[in-house]
Every structure is written in structure tokens, then in C-alpha cells.
Amino acid sequence: MTRIIDPRWPSTLRRLRQQAGLSLRDLAAKAHYAKSYLHDLETGRKTPTPEVADRLDDVLEAGGALSAMLTDDGAHGSAELARRVAATDVSSSTVAGLEAAVDELAVAYPVTASHVLLPNIRRHLTYVTTLIGSGRRMTLEQHRRILVAGGWLSLLTATVLIDLRRNGAAAGHLRTANEMAAHTEHAEIRAWCLETRAWKALTTGDPATALALAEGAQTVAPTGSSAKLQATAQTGRALALLGDRPATGRRLAQLERMVSPLSQPDRPEHHYRYDPGKARAYVATTLAWVSDPVAATEASEVLARLLAEGSRPRRIASARLDLGQAVLPMDPHESIAQVAAAVASGRVAASNWWRVDRVRRGLARVGVPAAELDELCATHQPPCDGGQ
């Protein structure tokens, strides 16, 4: 498969480095590449691989700008389609096809490994950039719909990067998503940007910031929207980690009132469409985190339902972590078994690994050895780059 590299890539790298106030030596130290290699990239003597572009995007907090300039000519037909777009008007079917692709990627998110999904999302972001910059005729409504699609894609990219603990790159994509949402006056994307930042704060041990961001998302989100529901659930989780059991209970009751009128959506696996099953899973997580006595029962019921469905491996792993946390005080060995099953499934994202470590610390406090779990963790812990 031939890789197409935008001829502006070398000068873009140089510009981004200079904007960051870095010398070649500084960038080499941060990215762990040789200074001479970076010089060759900036002068066009060498061509970047996708891995190199990703790494430089992360270090320079470029929001995926360098990666977006690399395209595989056969990948999902995006490059060929973009070339055709450059030669004709943008059609309604082109825009509708892009919107359908965004939905398919959001549906793929819960069941696809992050490192597999990320390049596909980025290819579609490249396609959006090509459409916007093609200079061909389109209506104002088509232009807005393309920008909205780009906002969702940037948001999903950030979410996947957070799962991979590449938080610097995620922040750049969240800024892009928020800018597109502001430009198109799309309140739900704006709310999801705040909610996603809240989740990132939770994963990095900052529940107070997470609470403030989630409450901001509640304010911005349209009434009855999935973003409103998700933000409400996220405030409950933040309050649980802050140890405020009464406030956590009130927030869960609020969530129950909001969810009770909902029917099951056609595609409940869609990451940006809230469903009653997701609400139950969030309640189980929140109760486990706040050490509520009913957490074990709730988590067991959620896990049983998910296992019966058998189609959501990531949510199953999360439910096992909830159950492991909930039963730890009364049955440490069952806690080990549940967390070990979650880890062995390979579906615990890097962003969720702190939940595994939380159970392991709890086991250590009660003096229960967990050699088998420790061995599994050493084998399965996903790599991350320390938050870059």
C-alpha cells in the first residue's frame, strides 16, 4: 500500500517546533529521536512513518496535524475519494456518507482496540480536511454538516487517545472539536468535550476538576440529550471519588429520573447515544467507588446481563472491575478472580488501569496475596507514554 505524504509536512514540522520554542536538540530529547534524524525530516531528506508522526504530534501537542498529513491511498478509499472531490462539487451523498461513517466509528469504539481504531478515525479526519480545503462548491448547510462531522471525529480521536493515555495529543483534538462546535453552534459536541475532559481528570486522579468540568457539561448540554445524561453520571462518579456519599446518592437519583423515560436506542453501542443499560453500568461503578453496601449486588446484576448479551467486551471488563472493587471487603478472593478475568480479557484500556491498581492496593491493605493477579498485570498492562 502506497503512503501519500503531504509535501508541506517538513515545513509544518519545523513551524510547529519553532512555535513550541524548541530547538532541534530540545525536540530530540523530548521525542527520543536523534537530532540528525529530525533535521532530515525537516529538510525532507527522510520521510516519516505514522508512528513518528504520532509521536511528534504528541510531543508538540499538535492535535494530530502531522499525522493527518499522511494518508494510505487504499485505506477505505478516502484518498481516492478526496481526489475526486477536488475535481467536482461536493454532493449531498458525499456529506451523508461522511456522517454515516462517523456513526459507524462511534459504534465501533466499544468493541475495537484503541490502536486499531485510531488510524481509521484519523483517515476520516484527513478526508474532512480535504473536503473543507478543496475549494469546490458546497452549500452553507453542507459546509456546516462537514464541520460537525469533523467535530465528532476530533472528539472521538481525543477519547481514543485518552484511553491510550496520550493526554497531550488528546487535549489538542479536544480543542479542535470545541472550536468546530463553537463555529457551528453545536451545543452537544461542546458538552461532550467538557465531559471527556472530566473523564480524563478522573483517570488522572483529579476528581475535583472532574466534578467542575462535568457540571459545566451539564449546563451546556441540550435538555434530554445524551451529553446531559453522561455529564450527570460523570458528576456522580466524581463525587464518589471525593467520598461524598450523600451527594453521590442525590446525583444517582437525578440520573434515574432522567433515564427512566428512555427507550432502548436502535444502536445502543453508539458511544454518543445514552441508553438505560449504560446508566445501570454507571450506577454500579459509582456505588463501588463510594463503597456503598449494595454495590456488589448491582455490579453482579450488570455483569450477568452483559455476559448474557455477550457483545460488549469492554463494558464486561469494566463490570468485572466494579464487582472486584465492591466485593473486596467481604470476599477478597472473589475480588481477585473478577479483576484477573478483566485483565486477562485484554479489554482494560490504559486509561482504566488505575482501577486495577486501586483493587491491588486494597488487597495489599488487607494482607491478601495476589501473585496470580500480579503476574497477569505484568503481562497484560497496556503501554502508555506517561500522558503525552
# chains A, B, ... in the order shown; residues from 1 in each chain; ligands from 1
call {"tool": "residues_around", "arguments": {"residues": "Ala108 (chain A)", "least_positions_apart": "3", "cutoff": "12 Å", "atoms": "only C-alpha atoms", "output": "short mmCIF file (atom, residue, chain, number, x, y, z; two decimals) with N, CA and C atoms, in the first residue's frame"}}
result
data_model
loop_
_atom_site.label_atom_id
_atom_site.label_comp_id
_atom_site.auth_asym_id
_atom_site.auth_seq_id
_atom_site.Cartn_x
_atom_site.Cartn_y
_atom_site.Cartn_z
N ALA A 101 -20.31 7.37 8.16
CA ALA A 101 -19.01 6.83 8.58
C ALA A 101 -18.70 7.24 10.02
N VAL A 102 -19.05 8.47 10.38
CA VAL A 102 -18.83 8.93 11.76
C VAL A 102 -19.62 8.06 12.73
N ASP A 103 -20.87 7.77 12.40
CA ASP A 103 -21.69 6.91 13.26
C ASP A 103 -21.09 5.51 13.38
N GLU A 104 -20.60 4.97 12.27
CA GLU A 104 -20.02 3.63 12.31
C GLU A 104 -18.77 3.59 13.20
N LEU A 105 -17.98 4.64 13.17
CA LEU A 105 -16.79 4.70 14.02
C LEU A 105 -17.19 4.80 15.49
N VAL A 111 -16.03 -1.80 20.87
CA VAL A 111 -15.65 -3.19 20.58
C VAL A 111 -14.33 -3.30 19.81
N THR A 112 -13.67 -2.19 19.56
CA THR A 112 -12.45 -2.19 18.76
C THR A 112 -11.28 -1.69 19.59
N ALA A 113 -10.16 -2.38 19.50
CA ALA A 113 -8.97 -1.95 20.24
C ALA A 113 -8.58 -0.53 19.82
N SER A 114 -8.17 0.27 20.77
CA SER A 114 -7.90 1.68 20.51
C SER A 114 -6.85 1.89 19.43
N VAL A 116 -6.17 0.05 16.98
CA VAL A 116 -6.71 -0.35 15.68
C VAL A 116 -7.67 0.72 15.16
N LEU A 117 -8.49 1.27 16.05
CA LEU A 117 -9.49 2.24 15.64
C LEU A 117 -8.89 3.61 15.29
N LEU A 118 -7.84 3.99 16.00
CA LEU A 118 -7.30 5.34 15.85
C LEU A 118 -6.90 5.69 14.42
N ASN A 120 -8.04 4.64 11.62
CA ASN A 120 -9.24 4.76 10.80
C ASN A 120 -9.93 6.10 11.05
N ILE A 121 -10.02 6.50 12.31
CA ILE A 121 -10.62 7.82 12.60
C ILE A 121 -9.80 8.92 11.97
N LEU A 156 -13.94 12.00 19.05
CA LEU A 156 -13.69 10.57 19.18
C LEU A 156 -12.20 10.27 19.18
N VAL A 160 -10.20 8.22 22.20
CA VAL A 160 -9.31 7.07 21.99
C VAL A 160 -7.92 7.36 22.54
N ARG A 267 -29.21 1.59 18.15
CA ARG A 267 -27.82 1.13 18.22
C ARG A 267 -27.23 1.59 19.56
N PRO A 268 -27.55 0.87 20.62
CA PRO A 268 -27.12 1.30 21.95
C PRO A 268 -25.61 1.29 22.13
N GLU A 269 -24.90 0.58 21.25
CA GLU A 269 -23.44 0.54 21.37
C GLU A 269 -22.79 1.84 20.89
N HIS A 270 -23.55 2.74 20.27
CA HIS A 270 -23.03 4.02 19.80
C HIS A 270 -22.52 4.81 21.01
N HIS A 271 -21.26 5.23 20.96
CA HIS A 271 -20.63 5.83 22.13
C HIS A 271 -21.31 7.13 22.56
N TYR A 272 -21.91 7.85 21.64
CA TYR A 272 -22.50 9.15 21.96
C TYR A 272 -24.03 9.10 22.04
N SER A 311 -21.88 -9.17 23.85
CA SER A 311 -21.41 -8.39 22.70
C SER A 311 -20.64 -7.13 23.07
N ARG A 312 -20.40 -6.91 24.35
CA ARG A 312 -19.73 -5.68 24.77
C ARG A 312 -18.54 -6.01 25.68
N PRO A 313 -17.46 -6.46 25.11
CA PRO A 313 -16.33 -6.93 25.93
C PRO A 313 -15.72 -5.85 26.81
N ARG A 314 -15.69 -4.61 26.33
CA ARG A 314 -15.09 -3.55 27.15
C ARG A 314 -15.95 -3.27 28.36
#
call {"tool": "residues_around", "arguments": {"residues": "region 236-253 of chain A", "least_positions_apart": "2", "cutoff": "6 Å", "atoms": "only C-alpha atoms", "output": "PDB file with N, CA and C atoms, in the first residue's frame"}}
result
ATOM      1  N   PRO A 207     -10.502  14.206  40.936  1.00  0.00           N
ATOM      2  CA  PRO A 207     -11.963  14.210  40.905  1.00  0.00           C
ATOM      3  C   PRO A 207     -12.573  15.597  41.098  1.00  0.00           C
ATOM      4  N   LEU A 211     -15.336  17.004  38.610  1.00  0.00           N
ATOM      5  CA  LEU A 211     -16.669  17.444  39.025  1.00  0.00           C
ATOM      6  C   LEU A 211     -17.011  18.802  38.406  1.00  0.00           C
ATOM      7  N   ALA A 233     -24.079  11.528  34.999  1.00  0.00           N
ATOM      8  CA  ALA A 233     -23.444  10.313  35.510  1.00  0.00           C
ATOM      9  C   ALA A 233     -22.005  10.580  35.938  1.00  0.00           C
ATOM     10  N   GLN A 234     -21.307  11.409  35.175  1.00  0.00           N
ATOM     11  CA  GLN A 234     -19.911  11.689  35.497  1.00  0.00           C
ATOM     12  C   GLN A 234     -19.778  12.493  36.788  1.00  0.00           C
ATOM     13  N   LEU A 255     -30.047  11.001  38.058  1.00  0.00           N
ATOM     14  CA  LEU A 255     -29.809  10.241  36.830  1.00  0.00           C
ATOM     15  C   LEU A 255     -30.940   9.255  36.567  1.00  0.00           C
ATOM     16  N   GLU A 256     -31.416   8.603  37.610  1.00  0.00           N
ATOM     17  CA  GLU A 256     -32.512   7.638  37.456  1.00  0.00           C
ATOM     18  C   GLU A 256     -33.764   8.326  36.919  1.00  0.00           C
ATOM     19  N   THR A 286     -20.307   3.732  40.225  1.00  0.00           N
ATOM     20  CA  THR A 286     -20.355   4.796  41.224  1.00  0.00           C
ATOM     21  C   THR A 286     -20.541   4.224  42.623  1.00  0.00           C
ATOM     22  N   TRP A 289     -17.325   2.715  43.832  1.00  0.00           N
ATOM     23  CA  TRP A 289     -16.318   3.712  44.199  1.00  0.00           C
ATOM     24  C   TRP A 289     -16.624   4.383  45.524  1.00  0.00           C
ATOM     25  N   VAL A 290     -17.917   4.506  45.852  1.00  0.00           N
ATOM     26  CA  VAL A 290     -18.284   5.168  47.105  1.00  0.00           C
ATOM     27  C   VAL A 290     -18.447   4.163  48.239  1.00  0.00           C
TER      28      VAL A 290
END
call {"tool": "atom_distance", "arguments": {"atom1": "CA of Ala106 (chain A)", "atom2": "CA of Ala342 (chain A)"}}
result
22.8 Å
call {"tool": "atom_distance", "arguments": {"atom1": "CA of Leu363 (chain A)", "atom2": "CA of Lys278 (chain A)"}}
result
28.1 Å
call {"tool": "atom_distance", "arguments": {"atom1": "CA of Trp354 (chain A)", "atom2": "CA of Leu202 (chain A)"}}
result
9.8 Å
call {"tool": "residues_around", "arguments": {"residues": "Pro50 (chain A)", "least_positions_apart": "2", "cutoff": "10 Å", "atoms": "only C-alpha atoms", "output": "MDAnalysis selection string"}}
result
chainID A and resid 3 47:48 52:56 66:71 119
call {"tool": "closest_residue", "arguments": {"among": "A:Ala364, A:Val327, A:Leu161, A:Val148", "to": "Asp57 (chain A)", "atoms": "only C-alpha atoms"}}
result
A:Leu161
call {"tool": "residues_around", "arguments": {"residues": "Ser300 (chain A)", "least_positions_apart": "3", "cutoff": "9 Å", "atoms": "only C-alpha atoms", "output": "PyMOL selection string"}}
result
chain A and resi 284+295-297+303-305+319-320+322-323
call {"tool": "residues_around", "arguments": {"residues": "Pro265 (chain A)", "least_positions_apart": "6", "cutoff": "9 Å", "atoms": "only C-alpha atoms", "output": "NGL selection string"}}
result
:A and (273-275)
call {"tool": "write_last_selection", "arguments": {"atoms": "N, CA and C atoms", "output": "mmCIF file, in the first residue's frame"}}
result
data_model
loop_
_atom_site.group_PDB
_atom_site.id
_atom_site.type_symbol
_atom_site.label_atom_id
_atom_site.label_comp_id
_atom_site.auth_asym_id
_atom_site.auth_seq_id
_atom_site.Cartn_x
_atom_site.Cartn_y
_atom_site.Cartn_z
ATOM 1 N N ARG A 273 -24.568 7.897 22.249
ATOM 2 C CA ARG A 273 -26.004 7.746 22.467
ATOM 3 C C ARG A 273 -26.221 6.992 23.768
ATOM 4 N N TYR A 274 -26.821 7.667 24.714
ATOM 5 C CA TYR A 274 -27.009 7.077 26.030
ATOM 6 C C TYR A 274 -28.146 6.068 26.003
ATOM 7 N N ASP A 275 -28.015 5.011 26.777
ATOM 8 C CA ASP A 275 -29.067 4.008 26.840
ATOM 9 C C ASP A 275 -29.234 3.546 28.286
#
call {"tool": "closest_residue", "arguments": {"among": "A:Ala177, A:Ala341, A:Ala149, A:Thr130", "to": "Gly97 (chain A)", "atoms": "only C-alpha atoms"}}
result
A:Ala149
call {"tool": "residues_around", "arguments": {"residues": "Ile132 (chain A)", "least_positions_apart": "6", "cutoff": "9 Å", "atoms": "only C-alpha atoms", "output": "CSV table (one decimal) with C-alpha atoms, in the first residue's frame"}}
result
chain,number,residue,atom,x,y,z
A,143,HIS,CA,-20.3,23.1,4.9
A,146,ILE,CA,-18.9,18.6,7.3
A,147,LEU,CA,-17.6,20.8,10.2
call {"tool": "residues_around", "arguments": {"residues": "Ala170 (chain A)", "least_positions_apart": "5", "cutoff": "10 Å", "atoms": "only C-alpha atoms", "output": "PyMOL selection string"}}
result
chain A and resi 58+61-64+154-165+175-176+196-197+200+387-388
call {"tool": "write_last_selection", "arguments": {"atoms": "N, CA and C atoms", "output": "PDB file, in the first residue's frame"}}
result
ATOM      1  N   ASP A  58       2.252  14.246  19.465  1.00  0.00           N
ATOM      2  CA  ASP A  58       2.050  14.214  20.907  1.00  0.00           C
ATOM      3  C   ASP A  58       2.989  15.181  21.621  1.00  0.00           C
ATOM      4  N   GLU A  61       2.111  18.673  20.924  1.00  0.00           N
ATOM      5  CA  GLU A  61       0.696  18.947  21.192  1.00  0.00           C
ATOM      6  C   GLU A  61       0.042  19.592  19.974  1.00  0.00           C
ATOM      7  N   ALA A  62       0.231  18.936  18.828  1.00  0.00           N
ATOM      8  CA  ALA A  62      -0.225  19.493  17.553  1.00  0.00           C
ATOM      9  C   ALA A  62      -1.614  19.042  17.159  1.00  0.00           C
ATOM     10  N   GLY A  63      -2.289  18.275  18.027  1.00  0.00           N
ATOM     11  CA  GLY A  63      -3.664  17.888  17.746  1.00  0.00           C
ATOM     12  C   GLY A  63      -3.817  16.986  16.533  1.00  0.00           C
ATOM     13  N   GLY A  64      -2.780  16.204  16.211  1.00  0.00           N
ATOM     14  CA  GLY A  64      -2.874  15.279  15.081  1.00  0.00           C
ATOM     15  C   GLY A  64      -2.572  15.899  13.736  1.00  0.00           C
ATOM     16  N   SER A 154     -12.993  14.600  15.750  1.00  0.00           N
ATOM     17  CA  SER A 154     -11.946  15.109  16.642  1.00  0.00           C
ATOM     18  C   SER A 154     -12.216  14.687  18.082  1.00  0.00           C
ATOM     19  N   LEU A 155     -13.485  14.732  18.479  1.00  0.00           N
ATOM     20  CA  LEU A 155     -13.867  14.306  19.822  1.00  0.00           C
ATOM     21  C   LEU A 155     -13.582  12.827  20.030  1.00  0.00           C
ATOM     22  N   LEU A 156     -13.936  12.005  19.053  1.00  0.00           N
ATOM     23  CA  LEU A 156     -13.693  10.568  19.175  1.00  0.00           C
ATOM     24  C   LEU A 156     -12.202  10.269  19.182  1.00  0.00           C
ATOM     25  N   THR A 157     -11.427  10.994  18.372  1.00  0.00           N
ATOM     26  CA  THR A 157      -9.979  10.828  18.387  1.00  0.00           C
ATOM     27  C   THR A 157      -9.430  11.111  19.780  1.00  0.00           C
ATOM     28  N   ALA A 158      -9.884  12.206  20.392  1.00  0.00           N
ATOM     29  CA  ALA A 158      -9.429  12.548  21.739  1.00  0.00           C
ATOM     30  C   ALA A 158      -9.782  11.455  22.738  1.00  0.00           C
ATOM     31  N   THR A 159     -10.976  10.894  22.606  1.00  0.00           N
ATOM     32  CA  THR A 159     -11.415   9.842  23.526  1.00  0.00           C
ATOM     33  C   THR A 159     -10.512   8.613  23.420  1.00  0.00           C
ATOM     34  N   VAL A 160     -10.196   8.223  22.199  1.00  0.00           N
ATOM     35  CA  VAL A 160      -9.312   7.067  21.994  1.00  0.00           C
ATOM     36  C   VAL A 160      -7.917   7.362  22.538  1.00  0.00           C
ATOM     37  N   LEU A 161      -7.421   8.574  22.322  1.00  0.00           N
ATOM     38  CA  LEU A 161      -6.095   8.936  22.820  1.00  0.00           C
ATOM     39  C   LEU A 161      -6.053   8.936  24.343  1.00  0.00           C
ATOM     40  N   ILE A 162      -7.145   9.353  24.994  1.00  0.00           N
ATOM     41  CA  ILE A 162      -7.203   9.275  26.454  1.00  0.00           C
ATOM     42  C   ILE A 162      -7.160   7.819  26.900  1.00  0.00           C
ATOM     43  N   ASP A 163      -7.883   6.949  26.186  1.00  0.00           N
ATOM     44  CA  ASP A 163      -7.821   5.526  26.501  1.00  0.00           C
ATOM     45  C   ASP A 163      -6.390   5.005  26.434  1.00  0.00           C
ATOM     46  N   LEU A 164      -5.604   5.550  25.516  1.00  0.00           N
ATOM     47  CA  LEU A 164      -4.206   5.149  25.344  1.00  0.00           C
ATOM     48  C   LEU A 164      -3.265   5.919  26.266  1.00  0.00           C
ATOM     49  N   ARG A 165      -3.813   6.811  27.096  1.00  0.00           N
ATOM     50  CA  ARG A 165      -3.058   7.681  27.991  1.00  0.00           C
ATOM     51  C   ARG A 165      -2.118   8.617  27.242  1.00  0.00           C
ATOM     52  N   ARG A 175      -9.497  20.569  21.751  1.00  0.00           N
ATOM     53  CA  ARG A 175      -9.576  21.982  21.365  1.00  0.00           C
ATOM     54  C   ARG A 175     -10.168  22.128  19.964  1.00  0.00           C
ATOM     55  N   THR A 176      -9.729  21.252  19.059  1.00  0.00           N
ATOM     56  CA  THR A 176     -10.257  21.305  17.689  1.00  0.00           C
ATOM     57  C   THR A 176     -11.753  21.019  17.678  1.00  0.00           C
ATOM     58  N   THR A 196     -15.672  14.781  28.313  1.00  0.00           N
ATOM     59  CA  THR A 196     -14.474  13.985  28.028  1.00  0.00           C
ATOM     60  C   THR A 196     -13.285  14.488  28.836  1.00  0.00           C
ATOM     61  N   ARG A 197     -13.171  15.799  28.976  1.00  0.00           N
ATOM     62  CA  ARG A 197     -12.119  16.347  29.840  1.00  0.00           C
ATOM     63  C   ARG A 197     -12.337  15.912  31.292  1.00  0.00           C
ATOM     64  N   LYS A 200     -11.055  12.426  31.624  1.00  0.00           N
ATOM     65  CA  LYS A 200      -9.594  12.432  31.680  1.00  0.00           C
ATOM     66  C   LYS A 200      -9.117  12.819  33.076  1.00  0.00           C
ATOM     67  N   GLY A 387       1.345  10.012  29.534  1.00  0.00           N
ATOM     68  CA  GLY A 387       0.409  11.117  29.444  1.00  0.00           C
ATOM     69  C   GLY A 387       0.683  12.076  28.320  1.00  0.00           C
ATOM     70  N   GLN A 388       1.697  11.824  27.515  1.00  0.00           N
ATOM     71  CA  GLN A 388       1.974  12.727  26.398  1.00  0.00           C
ATOM     72  C   GLN A 388       0.982  12.552  25.283  1.00  0.00           C
TER      73      GLN A 388
END
call {"tool": "select_by_dssp", "arguments": {"residues": "region 60-301 of chain A", "states": "helix (DSSP H, G or I)", "output": "NGL selection string"}}
result
:A and (60 or 67-69 or 75-85 or 92-111 or 114-133 or 140-163 or 167-184 or 187-203 or 207-220 or 226-241 or 245-259 or 276-289 or 295-301)
